[in-house]
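Source file: data_4.pdb (PDB, C-alpha atoms)
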ATOM      1  CA  ALA A 296     -64.276 -34.672   7.246
ATOM      2  CA  ALA A 297     -66.337 -31.654   6.229
ATOM      3  CA  SER A 298     -65.113 -28.137   6.978
ATOM      4  CA  PRO A 299     -67.480 -25.402   8.265
ATOM      5  CA  SER A 300     -67.777 -24.147   4.663
ATOM      6  CA  GLY A 301     -69.017 -27.559   3.507
ATOM      7  CA  LEU A 302     -65.790 -28.340   1.688
ATOM      8  CA  GLN A 303     -63.832 -31.514   2.391
ATOM      9  CA  ARG A 304     -61.243 -30.941   5.097
ATOM     10  CA  ILE A 305     -58.006 -32.801   4.352
ATOM     11  CA  THR A 306     -55.733 -33.408   7.347
ATOM     12  CA  LEU A 307     -52.097 -34.355   6.841
ATOM     13  CA  ASP A 308     -49.319 -35.430   9.172
ATOM     14  CA  ALA A 309     -46.044 -34.251   7.647
ATOM     15  CA  VAL A 310     -42.614 -35.398   8.776
ATOM     16  CA  VAL A 311     -39.863 -32.975   7.787
ATOM     17  CA  ALA A 312     -36.380 -34.454   8.081
ATOM     18  CA  ASP A 313     -32.809 -33.893   6.985
ATOM     19  CA  LYS A 314     -31.110 -36.263   4.590
ATOM     20  CA  LEU A 315     -30.008 -38.456   7.493
ATOM     21  CA  GLY A 316     -33.624 -38.903   8.555
ATOM     22  CA  HIS A 317     -33.553 -36.713  11.672
ATOM     23  CA  PRO A 318     -36.912 -34.919  12.113
ATOM     24  CA  LEU A 319     -36.736 -31.115  12.046
ATOM     25  CA  ARG A 320     -38.422 -29.104  14.793
ATOM     26  CA  GLY A 321     -39.401 -25.456  15.003
ATOM     27  CA  LEU A 322     -41.069 -24.836  11.647
ATOM     28  CA  GLN A 323     -43.928 -22.337  11.431
ATOM     29  CA  PRO A 324     -46.952 -22.343   9.083
ATOM     30  CA  GLN A 325     -45.258 -19.883   6.744
ATOM     31  CA  ASP A 326     -42.388 -22.348   6.283
ATOM     32  CA  LEU A 327     -44.669 -24.923   4.634
ATOM     33  CA  THR A 328     -46.731 -24.779   1.439
ATOM     34  CA  VAL A 329     -49.447 -27.275   0.521
ATOM     35  CA  TYR A 330     -50.339 -28.028  -3.090
ATOM     36  CA  ASP A 331     -53.460 -29.792  -4.358
ATOM     37  CA  ASN A 332     -53.044 -30.733  -8.034
ATOM     38  CA  ASN A 333     -50.179 -28.202  -8.156
ATOM     39  CA  GLN A 334     -52.421 -25.410  -6.859
ATOM     40  CA  THR A 335     -51.415 -23.660  -3.625
ATOM     41  CA  GLN A 336     -53.881 -24.226  -0.787
ATOM     42  CA  LYS A 337     -54.503 -22.150   2.311
ATOM     43  CA  ILE A 338     -53.453 -23.970   5.472
ATOM     44  CA  THR A 339     -56.535 -23.856   7.693
ATOM     45  CA  SER A 340     -54.950 -25.415  10.797
ATOM     46  CA  PHE A 341     -51.396 -26.064  11.896
ATOM     47  CA  ARG A 342     -49.843 -27.797  14.875
ATOM     48  CA  ALA A 343     -46.197 -28.623  15.491
ATOM     49  CA  VAL A 344     -46.101 -31.867  17.489
ATOM     50  CA  ASP A 345     -43.274 -33.190  19.603
ATOM     51  CA  GLY A 346     -44.108 -36.873  19.580
ATOM     52  CA  ASN A 347     -41.804 -37.475  22.530
ATOM     53  CA  ALA A 348     -43.750 -35.109  24.808
ATOM     54  CA  PRO A 349     -46.889 -36.109  26.744
ATOM     55  CA  THR A 350     -50.071 -35.211  24.835
ATOM     56  CA  ASN A 351     -53.739 -36.142  24.901
ATOM     57  CA  ASP A 352     -53.372 -37.909  21.530
ATOM     58  CA  PRO A 353     -49.906 -39.498  21.485
ATOM     59  CA  VAL A 354     -48.553 -41.101  18.333
ATOM     60  CA  GLN A 355     -49.480 -44.775  18.263
ATOM     61  CA  VAL A 356     -47.054 -47.394  16.920
ATOM     62  CA  ILE A 357     -48.636 -50.578  15.572
ATOM     63  CA  ILE A 358     -46.160 -53.330  14.723
ATOM     64  CA  VAL A 359     -47.693 -55.897  12.368
ATOM     65  CA  VAL A 360     -45.989 -59.256  11.844
ATOM     66  CA  ASP A 361     -47.070 -60.676   8.479
ATOM     67  CA  MET A 362     -47.382 -64.440   8.796
ATOM     68  CA  VAL A 363     -49.431 -64.740   5.590
ATOM     69  CA  ASN A 364     -46.671 -63.864   3.124
ATOM     70  CA  ILE A 365     -43.503 -64.638   5.055
ATOM     71  CA  ASP A 366     -41.123 -67.492   4.349
ATOM     72  CA  PHE A 367     -41.186 -69.745   7.421
ATOM     73  CA  ARG A 368     -37.383 -70.009   7.268
ATOM     74  CA  ILE A 369     -36.913 -66.425   8.435
ATOM     75  CA  VAL A 370     -39.691 -66.275  11.033
ATOM     76  CA  ALA A 371     -37.323 -67.227  13.845
ATOM     77  CA  ARG A 372     -34.962 -64.330  12.999
ATOM     78  CA  GLU A 373     -37.882 -61.901  12.791
ATOM     79  CA  ARG A 374     -39.147 -63.022  16.177
ATOM     80  CA  GLU A 375     -35.690 -62.699  17.709
ATOM     81  CA  GLU A 376     -35.170 -59.148  16.402
ATOM     82  CA  LEU A 377     -38.673 -58.064  17.384
ATOM     83  CA  GLY A 378     -37.846 -59.337  20.865
ATOM     84  CA  GLU A 379     -34.660 -57.229  20.900
ATOM     85  CA  PHE A 380     -36.669 -54.154  19.906
ATOM     86  CA  LEU A 381     -39.257 -54.672  22.634
ATOM     87  CA  ASN A 382     -36.630 -55.455  25.287
ATOM     88  CA  GLN A 383     -34.272 -52.550  24.560
ATOM     89  CA  HIS A 384     -34.123 -49.656  27.060
ATOM     90  CA  GLY A 385     -35.265 -52.005  29.787
ATOM     91  CA  GLY A 386     -38.493 -52.753  27.948
ATOM     92  CA  ARG A 387     -39.668 -49.128  28.204
ATOM     93  CA  LEU A 388     -41.089 -48.055  24.833
ATOM     94  CA  ALA A 389     -41.007 -44.442  23.649
ATOM     95  CA  HIS A 390     -44.552 -44.507  22.258
ATOM     96  CA  PRO A 391     -47.758 -46.416  23.006
ATOM     97  CA  THR A 392     -47.324 -49.597  21.001
ATOM     98  CA  THR A 393     -49.613 -52.356  19.813
ATOM     99  CA  LEU A 394     -48.642 -55.705  18.309
ATOM    100  CA  ALA A 395     -50.703 -57.341  15.575
ATOM    101  CA  VAL A 396     -50.223 -60.562  13.638
ATOM    102  CA  MET A 397     -51.575 -61.227  10.142
ATOM    103  CA  THR A 398     -52.707 -64.842   9.941
ATOM    104  CA  ASP A 399     -54.800 -66.954   7.588
ATOM    105  CA  THR A 400     -57.721 -66.660  10.031
ATOM    106  CA  GLY A 401     -57.663 -62.870  10.308
ATOM    107  CA  ILE A 402     -55.562 -60.183  11.924
ATOM    108  CA  LYS A 403     -54.898 -60.709  15.622
ATOM    109  CA  LEU A 404     -54.663 -57.390  17.452
ATOM    110  CA  LYS A 405     -54.363 -56.450  21.126
ATOM    111  CA  PRO A 406     -56.556 -53.326  21.080
ATOM    112  CA  VAL A 407     -54.971 -51.611  24.093
ATOM    113  CA  PRO A 408     -51.533 -50.068  23.390
ATOM    114  CA  SER A 409     -48.785 -50.369  25.954
ATOM    115  CA  LEU A 410     -45.442 -48.821  26.861
ATOM    116  CA  ASP A 411     -44.292 -52.134  28.388
ATOM    117  CA  GLY A 412     -42.205 -53.977  25.806
ATOM    118  CA  HIS A 413     -41.800 -57.032  28.018
ATOM    119  CA  ALA A 414     -45.572 -57.482  28.316
ATOM    120  CA  LEU A 415     -46.080 -57.037  24.563
ATOM    121  CA  LEU A 416     -43.423 -59.649  23.833
ATOM    122  CA  ALA A 417     -45.074 -62.129  26.187
ATOM    123  CA  ASP A 418     -48.403 -61.572  24.412
ATOM    124  CA  PHE A 419     -46.769 -62.016  21.014
ATOM    125  CA  LYS A 420     -45.141 -65.286  22.020
ATOM    126  CA  GLN A 421     -48.548 -66.617  23.055
ATOM    127  CA  VAL A 422     -50.203 -65.573  19.780
ATOM    128  CA  HIS A 423     -47.280 -66.949  17.782
ATOM    129  CA  THR A 424     -47.581 -70.316  19.542
ATOM    130  CA  ASP A 425     -51.311 -70.528  18.813
ATOM    131  CA  MET A 426     -51.188 -69.519  15.161
ATOM    132  CA  ARG A 427     -50.748 -71.607  12.032
ATOM    133  CA  PHE A 428     -49.393 -70.837   8.585
ATOM    134  CA  LEU A 429     -51.499 -70.405   5.470
ATOM    135  CA  THR A 430     -52.401 -73.830   4.164
ATOM    136  CA  GLY A 431     -54.424 -72.959   1.048
ATOM    137  CA  ALA A 432     -53.570 -73.282  -2.611
ATOM    138  CA  SER A 433     -50.037 -72.838  -3.887
ATOM    139  CA  GLY A 434     -48.760 -71.192  -7.056
ATOM    140  CA  PHE A 435     -50.759 -68.437  -8.775
ATOM    141  CA  TYR A 436     -54.053 -69.219  -7.039
ATOM    142  CA  GLY A 437     -52.316 -69.335  -3.669
ATOM    143  CA  ALA A 438     -50.848 -65.909  -4.422
ATOM    144  CA  VAL A 439     -54.321 -64.544  -5.195
ATOM    145  CA  GLU A 440     -55.555 -65.993  -1.909
ATOM    146  CA  ARG A 441     -52.746 -64.306   0.020
ATOM    147  CA  LEU A 442     -53.362 -60.982  -1.743
ATOM    148  CA  ASN A 443     -57.064 -61.030  -0.876
ATOM    149  CA  LEU A 444     -56.278 -61.940   2.723
ATOM    150  CA  SER A 445     -53.620 -59.250   3.055
ATOM    151  CA  LEU A 446     -55.796 -56.458   1.684
ATOM    152  CA  SER A 447     -58.763 -57.571   3.792
ATOM    153  CA  GLU A 448     -56.691 -57.578   6.972
ATOM    154  CA  LEU A 449     -55.117 -54.199   6.217
ATOM    155  CA  THR A 450     -58.628 -52.808   5.704
ATOM    156  CA  GLN A 451     -59.755 -54.308   9.032
ATOM    157  CA  LEU A 452     -56.813 -52.674  10.768
ATOM    158  CA  ALA A 453     -57.470 -49.292   9.132
ATOM    159  CA  ASN A 454     -61.151 -49.482  10.095
ATOM    160  CA  PHE A 455     -60.249 -50.037  13.730
ATOM    161  CA  GLU A 456     -57.567 -47.351  13.811
ATOM    162  CA  ALA A 457     -59.994 -44.846  12.259
ATOM    163  CA  THR A 458     -61.919 -45.021  15.550
ATOM    164  CA  GLN A 459     -58.779 -44.133  17.539
ATOM    165  CA  PRO A 460     -57.510 -40.560  17.973
ATOM    166  CA  GLY A 461     -54.214 -39.210  16.725
ATOM    167  CA  ARG A 462     -51.537 -40.283  14.287
ATOM    168  CA  LYS A 463     -50.495 -43.913  13.806
ATOM    169  CA  LEU A 464     -47.358 -45.517  12.426
ATOM    170  CA  VAL A 465     -48.217 -48.993  11.140
ATOM    171  CA  LEU A 466     -44.972 -50.939  10.739
ATOM    172  CA  VAL A 467     -45.538 -54.141   8.764
ATOM    173  CA  ILE A 468     -42.678 -56.629   8.957
ATOM    174  CA  SER A 469     -43.183 -58.246   5.579
ATOM    175  CA  PRO A 470     -41.631 -58.762   2.153
ATOM    176  CA  GLY A 471     -44.964 -57.468   0.815
ATOM    177  CA  TRP A 472     -47.837 -59.392  -0.641
ATOM    178  CA  PRO A 473     -47.914 -60.987  -4.105
ATOM    179  CA  LEU A 474     -47.605 -58.463  -6.955
ATOM    180  CA  LEU A 475     -49.259 -60.661  -9.632
ATOM    181  CA  VAL A 476     -47.460 -58.567 -12.228
ATOM    182  CA  ARG A 477     -48.710 -60.303 -15.379
ATOM    183  CA  ALA A 478     -52.246 -61.137 -14.285
ATOM    184  CA  SER A 479     -53.761 -57.708 -15.036
ATOM    185  CA  ALA A 480     -53.006 -57.989 -18.765
ATOM    186  CA  GLU A 481     -55.820 -60.530 -19.160
ATOM    187  CA  ALA A 482     -58.170 -59.196 -16.478
ATOM    188  CA  THR A 483     -61.809 -58.483 -17.214
ATOM    189  CA  ARG A 484     -63.301 -55.014 -16.831
ATOM    190  CA  LYS A 485     -64.884 -56.059 -13.523
ATOM    191  CA  GLN A 486     -61.526 -57.285 -12.243
ATOM    192  CA  LEU A 487     -59.844 -54.024 -13.239
ATOM    193  CA  ASN A 488     -62.656 -52.160 -11.495
ATOM    194  CA  TRP A 489     -61.937 -54.223  -8.382
ATOM    195  CA  ILE A 490     -58.296 -53.127  -8.423
ATOM    196  CA  PHE A 491     -59.274 -49.481  -8.917
ATOM    197  CA  ASN A 492     -61.956 -49.620  -6.199
ATOM    198  CA  SER A 493     -59.401 -51.084  -3.807
ATOM    199  CA  VAL A 494     -56.824 -48.386  -4.608
ATOM    200  CA  VAL A 495     -59.400 -45.617  -4.081
ATOM    201  CA  ASP A 496     -60.679 -47.145  -0.862
ATOM    202  CA  LEU A 497     -57.316 -47.850   0.776
ATOM    203  CA  THR A 498     -55.784 -44.532  -0.303
ATOM    204  CA  ASN A 499     -58.587 -42.577   1.340
ATOM    205  CA  ARG A 500     -59.048 -44.966   4.270
ATOM    206  CA  LEU A 501     -55.397 -44.847   5.364
ATOM    207  CA  ARG A 502     -55.277 -41.045   5.170
ATOM    208  CA  GLU A 503     -58.572 -40.604   7.029
ATOM    209  CA  ALA A 504     -57.366 -42.977   9.774
ATOM    210  CA  ARG A 505     -54.137 -40.905   9.949
ATOM    211  CA  ILE A 506     -52.027 -43.965   9.217
ATOM    212  CA  ALA A 507     -48.511 -43.776   7.843
ATOM    213  CA  LEU A 508     -47.796 -47.275   6.545
ATOM    214  CA  TYR A 509     -44.304 -48.777   6.527
ATOM    215  CA  CYS A 510     -43.014 -51.936   4.903
ATOM    216  CA  LEU A 511     -40.045 -53.355   6.807
ATOM    217  CA  ASP A 512     -38.702 -55.931   4.399
ATOM    218  CA  PRO A 513     -36.703 -58.738   6.069
ATOM    219  CA  LEU A 514     -34.889 -59.222   2.773
ATOM    220  CA  GLU A 515     -33.847 -62.761   2.011
ATOM    221  CA  LEU A 516     -30.995 -62.626  -0.469
ATOM    222  CA  GLY A 517     -31.853 -64.336  -3.730
ATOM    223  CA  ALA A 518     -35.581 -63.741  -3.268
ATOM    224  CA  THR A 519     -37.690 -61.627  -5.630
ATOM    225  CA  ASP A 520     -36.509 -58.129  -6.543
ATOM    226  CA  PRO A 521     -37.302 -55.950  -3.481
ATOM    227  CA  PHE A 522     -37.327 -52.790  -5.632
ATOM    228  CA  LEU A 523     -39.812 -53.968  -8.261
ATOM    229  CA  TYR A 524     -42.558 -51.908  -6.606
ATOM    230  CA  GLU A 525     -40.797 -48.691  -7.679
ATOM    231  CA  SER A 526     -42.092 -49.248 -11.227
ATOM    232  CA  TYR A 527     -45.663 -48.844  -9.924
ATOM    233  CA  LEU A 528     -45.460 -45.648  -7.879
ATOM    234  CA  LYS A 529     -47.238 -43.501 -10.466
ATOM    235  CA  PRO A 530     -50.697 -42.621  -9.091
ATOM    236  CA  ILE A 531     -53.728 -44.339 -10.632
ATOM    237  CA  ARG A 532     -55.973 -41.554 -11.926
ATOM    238  CA  ASP A 533     -58.779 -43.644 -13.435
ATOM    239  CA  ALA A 534     -60.064 -47.189 -13.860
ATOM    240  CA  LYS A 535     -58.705 -47.703 -17.367
ATOM    241  CA  HIS A 536     -55.300 -49.174 -16.637
ATOM    242  CA  PRO A 537     -54.884 -50.200 -12.992
ATOM    243  CA  ASP A 538     -52.469 -53.018 -12.217
ATOM    244  CA  ASN A 539     -52.270 -55.501  -9.364
ATOM    245  CA  PRO A 540     -48.921 -54.115  -8.097
ATOM    246  CA  ASP A 541     -50.686 -50.773  -7.501
ATOM    247  CA  LEU A 542     -52.042 -52.534  -4.404
ATOM    248  CA  SER A 543     -48.685 -53.752  -3.164
ATOM    249  CA  LEU A 544     -47.787 -53.039   0.451
ATOM    250  CA  GLN A 545     -44.777 -51.027  -0.673
ATOM    251  CA  VAL A 546     -46.757 -48.772  -3.047
ATOM    252  CA  LEU A 547     -49.490 -48.180  -0.485
ATOM    253  CA  ALA A 548     -46.815 -47.368   2.104
ATOM    254  CA  VAL A 549     -45.103 -44.730  -0.032
ATOM    255  CA  HIS A 550     -48.401 -43.044  -0.952
ATOM    256  CA  SER A 551     -49.554 -43.002   2.686
ATOM    257  CA  GLY A 552     -46.574 -40.937   3.821
ATOM    258  CA  GLY A 553     -44.679 -43.897   5.196
ATOM    259  CA  SER A 554     -41.794 -45.651   3.513
ATOM    260  CA  VAL A 555     -40.146 -48.930   2.548
ATOM    261  CA  LEU A 556     -37.140 -49.961   4.605
ATOM    262  CA  ILE A 557     -34.971 -52.735   3.248
ATOM    263  CA  GLY A 558     -32.305 -53.491   5.810
ATOM    264  CA  GLY A 559     -31.453 -57.048   4.942
ATOM    265  CA  HIS A 560     -31.363 -59.056   8.137
ATOM    266  CA  ASP A 561     -31.477 -55.938  10.357
ATOM    267  CA  VAL A 562     -35.153 -55.910  11.340
ATOM    268  CA  LEU A 563     -34.202 -54.267  14.643
ATOM    269  CA  GLY A 564     -32.574 -51.371  12.775
ATOM    270  CA  GLU A 565     -35.596 -51.018  10.482
ATOM    271  CA  LEU A 566     -37.938 -50.809  13.471
ATOM    272  CA  ASN A 567     -35.803 -48.179  15.197
ATOM    273  CA  ASN A 568     -35.494 -46.098  12.025
ATOM    274  CA  ALA A 569     -39.245 -46.162  11.415
ATOM    275  CA  VAL A 570     -40.169 -45.305  15.011
ATOM    276  CA  ARG A 571     -37.845 -42.309  14.850
ATOM    277  CA  GLU A 572     -40.423 -40.682  12.562
ATOM    278  CA  ALA A 573     -42.895 -40.647  15.447
ATOM    279  CA  GLY A 574     -40.683 -38.088  17.168
ATOM    280  CA  SER A 575     -41.641 -34.749  15.613
ATOM    281  CA  TYR A 576     -44.109 -33.885  12.877
ATOM    282  CA  TYR A 577     -46.539 -31.220  11.697
ATOM    283  CA  GLU A 578     -50.295 -31.682  11.667
ATOM    284  CA  LEU A 579     -51.929 -29.415   9.107
ATOM    285  CA  SER A 580     -55.137 -29.235   7.128
ATOM    286  CA  PHE A 581     -56.661 -27.528   4.122
ATOM    287  CA  ASP A 582     -60.072 -27.381   2.488
ATOM    288  CA  ALA A 583     -60.067 -29.408  -0.722
ATOM    289  CA  PRO A 584     -61.454 -27.737  -3.847
ATOM    290  CA  PRO A 585     -64.947 -28.968  -4.785
ATOM    291  CA  THR A 586     -65.484 -31.492  -7.537
ATOM    292  CA  GLU A 587     -68.468 -33.322  -8.979
ATOM    293  CA  ARG A 588     -66.555 -35.915 -10.974
ATOM    294  CA  PRO A 589     -66.514 -39.318  -9.236
ATOM    295  CA  ASN A 590     -63.189 -40.773  -8.086
ATOM    296  CA  GLU A 591     -61.242 -37.695  -9.152
ATOM    297  CA  TYR A 592     -57.609 -38.142  -8.147
ATOM    298  CA  HIS A 593     -55.839 -35.194  -6.513
ATOM    299  CA  SER A 594     -52.113 -35.164  -5.887
ATOM    300  CA  ILE A 595     -50.898 -33.572  -2.658
ATOM    301  CA  ALA A 596     -47.477 -32.085  -2.083
ATOM    302  CA  VAL A 597     -46.113 -30.427   1.063
ATOM    303  CA  LYS A 598     -43.003 -28.338   0.479
ATOM    304  CA  VAL A 599     -40.726 -26.566   2.913
ATOM    305  CA  ASN A 600     -38.859 -23.291   2.266
ATOM    306  CA  GLN A 601     -35.481 -24.653   3.336
ATOM    307  CA  PRO A 602     -33.038 -26.650   1.198
ATOM    308  CA  ASN A 603     -31.897 -30.233   1.646
ATOM    309  CA  LEU A 604     -34.957 -31.343   3.585
ATOM    310  CA  VAL A 605     -37.304 -34.247   2.897
ATOM    311  CA  VAL A 606     -41.050 -34.002   3.569
ATOM    312  CA  ARG A 607     -43.087 -37.179   3.950
ATOM    313  CA  ALA A 608     -46.898 -37.058   4.034
ATOM    314  CA  ALA A 609     -49.844 -38.662   2.251
ATOM    315  CA  ASP A 610     -49.411 -37.702  -1.397
ATOM    316  CA  GLY A 611     -52.936 -37.954  -2.780
ATOM    317  CA  TYR A 612     -56.641 -38.584  -2.314
ATOM    318  CA  TYR A 613     -59.719 -39.425  -4.367
ATOM    319  CA  ALA A 614     -62.509 -36.839  -4.259
ATOM    320  CA  ASN A 615     -66.154 -37.899  -4.484
ATOM    321  CA  PRO A 616     -65.331 -41.639  -4.213
ATOM    322  CA  GLN A 617     -67.819 -44.003  -5.836
ATOM    323  CA  THR A 618     -67.601 -47.781  -6.112
ATOM    324  CA  LEU A 619     -67.465 -49.160  -9.645
ATOM    325  CA  ASP A 620     -69.161 -52.410 -10.632
ATOM    326  CA  ALA A 621     -66.814 -55.162  -9.473
ATOM    327  CA  PRO A 622     -66.685 -58.440  -7.514
ATOM    328  CA  ALA A 623     -66.202 -58.306  -3.749
ATOM    329  CA  HIS A 624     -62.645 -59.638  -4.001
ATOM    330  CA  LEU A 625     -60.075 -60.462  -6.636
ATOM    331  CA  ASN A 626     -61.232 -63.373  -8.779
ATOM    332  CA  PRO A 627     -58.136 -65.018 -10.202
ATOM    333  CA  THR A 628     -57.362 -64.990 -13.890
ATOM    334  CA  ALA A 629     -54.164 -66.936 -14.377
ATOM    335  CA  PRO A 630     -51.699 -65.289 -16.795
ATOM    336  CA  SER A 631     -50.832 -67.250 -19.889
ATOM    337  CA  HIS A 632     -47.265 -68.414 -20.330
TER
END

Represent the structure from my file as structure tokens, please.
Amino acid sequence: AASPSGLQRITLDAVVADKLGHPLRGLQPQDLTVYDNNQTQKITSFRAVDGNAPTNDPVQVIIVVDMVNIDFRIVAREREELGEFLNQHGGRLAHPTTLAVMTDTGIKLKPVPSLDGHALLADFKQVHTDMRFLTGASGFYGAVERLNLSLSELTQLANFEATQPGRKLVLVISPGWPLLVRASAEATRKQLNWIFNSVVDLTNRLREARIALYCLDPLELGATDPFLYESYLKPIRDAKHPDNPDLSLQVLAVHSGGSVLIGGHDVLGELNNAVREAGSYYELSFDAPPTERPNEYHSIAVKVNQPNLVVRAADGYYANPQTLDAPAHLNPTAPSH
């Protein structure tokens, strides 16, 4: 959004919490400092929000069940724990909630949020009965297919949520989509441009839609390393050396101001822990410094003047975004062995 001065207005939703994850209330603008590329920025607007109080723009919770990348053996447990979440407290949800399902035919979303967990569960059971699992290619090419589908459906969701007011917590129950770790080493320039374009687009799109993305990993012991994404958290500043894992669900989640929760079989606990961050937060904005260079990456940091607190907010944006020459989706280049 443009500010009255013509500069780009950057809006952030910052959760400030203690080390146990309990959100902190009562902070004032002078308690927080915003940095853009390590330079202090003037806070142009500030609002302390109690997400548990009635407002005109309540925090929305969107629970996304990933049926594209999930192992069918653990779907039943996921469904059972999602049912427990929606049925707890007599089915009365703390925040307006929407259920979505990622499928091989697109993302299925009930556009009207509800506080009735029982009704949402009934809708989910109907969608789950009607859906089918991905039946395309297996191996490397199947992984590319799932990655393209996952990114496309996340973009569809972000596009819709950008039309809705307020802050959104998007909780994706998923082990994440394929990382394709080795494929980038032999990628063409156009393929690398595709990765970079996608990083730029999703980074800005999620922030502008006010989405904090969460990956709730229903960890299956013995599966792939759930912490591999941590090697790819360094921001991508240019199109020279992007890598497929830079587009992983986990990396996108961390950069959006959300997080990765790995609770083993405790999907119910992961959902409750994530929703807790809808309780209290701080909405603030600043006017970004001007730039003429295309796709210039800016890091963002929000710091609080009290010790032992954690601040979670979107941690970067790309100024003056421009699309580089690239295909419309990832064209597979199989890694050599």

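CA of Val359 in chain A is positioned 20.6 Å from CA of Ala608 in chain A.
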
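Taking only C-alpha atoms into account, Arg484 in chain A lies nearest to A:Leu619 out of the set A:Leu388, A:Ala348, A:Leu322, A:Leu619.
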
Quiz item: What gap, in Å, lies between CA of Met397 in chain A and CA of Asp512 in chain A?
Solution: 15.1 Å

Quiz item: If we count all atoms listed in the file, what is near range 530-543 of chain A at a cut-off of 9 Å, once residues fewer than 3 positions away on the same chain are taken out, given as a PyMOL selection string?
Solution: chain A and resi 442+446+471-480+484+487-488+490-495+497+524+526-527+546-548+550+590-594+611+613+619

Quiz item: For Phe455 in chain A, which residue among A:Ala623, A:Ala504, A:Leu410, A:Ala614 is the nearest when counting all atoms listed in the file?
Solution: A:Ala504

Quiz prompt | Shortest interatomic distance to Gln303 in chain A - which of A:Glu572, A:Asp366, A:Glu503, A:Glu375, counting all atoms listed in the file | solution = A:Glu503

Exercise. Go through the shown structure with the PyMOL selection byres ((chain A and resi 308-310) around 10) and write out the matching residues as an NGL selection string.
Key: :A and (306-307 or 311-312 or 316-320 or 327 or 341-344 or 461-463 or 502 or 505-507 or 551-553 or 572-580 or 597-598 or 605-609)

To verify the selection step, state as a short mmCIF file (atom, residue, chain, number, x, y, z; two decimals) with C-alpha atoms, in the frame of the given file which residues the PyMOL selection byres ((chain A and resi 390-396) around 6) yields on this input.
data_model
loop_
_atom_site.label_atom_id
_atom_site.label_comp_id
_atom_site.auth_asym_id
_atom_site.auth_seq_id
_atom_site.Cartn_x
_atom_site.Cartn_y
_atom_site.Cartn_z
CA GLN A 355 -49.48 -44.78 18.26
CA VAL A 356 -47.05 -47.39 16.92
CA ILE A 357 -48.64 -50.58 15.57
CA ILE A 358 -46.16 -53.33 14.72
CA VAL A 359 -47.69 -55.90 12.37
CA VAL A 360 -45.99 -59.26 11.84
CA LEU A 388 -41.09 -48.06 24.83
CA ALA A 389 -41.01 -44.44 23.65
CA MET A 397 -51.58 -61.23 10.14
CA ILE A 402 -55.56 -60.18 11.92
CA LYS A 403 -54.90 -60.71 15.62
CA LEU A 404 -54.66 -57.39 17.45
CA PRO A 408 -51.53 -50.07 23.39
CA SER A 409 -48.78 -50.37 25.95
CA LEU A 410 -45.44 -48.82 26.86
#
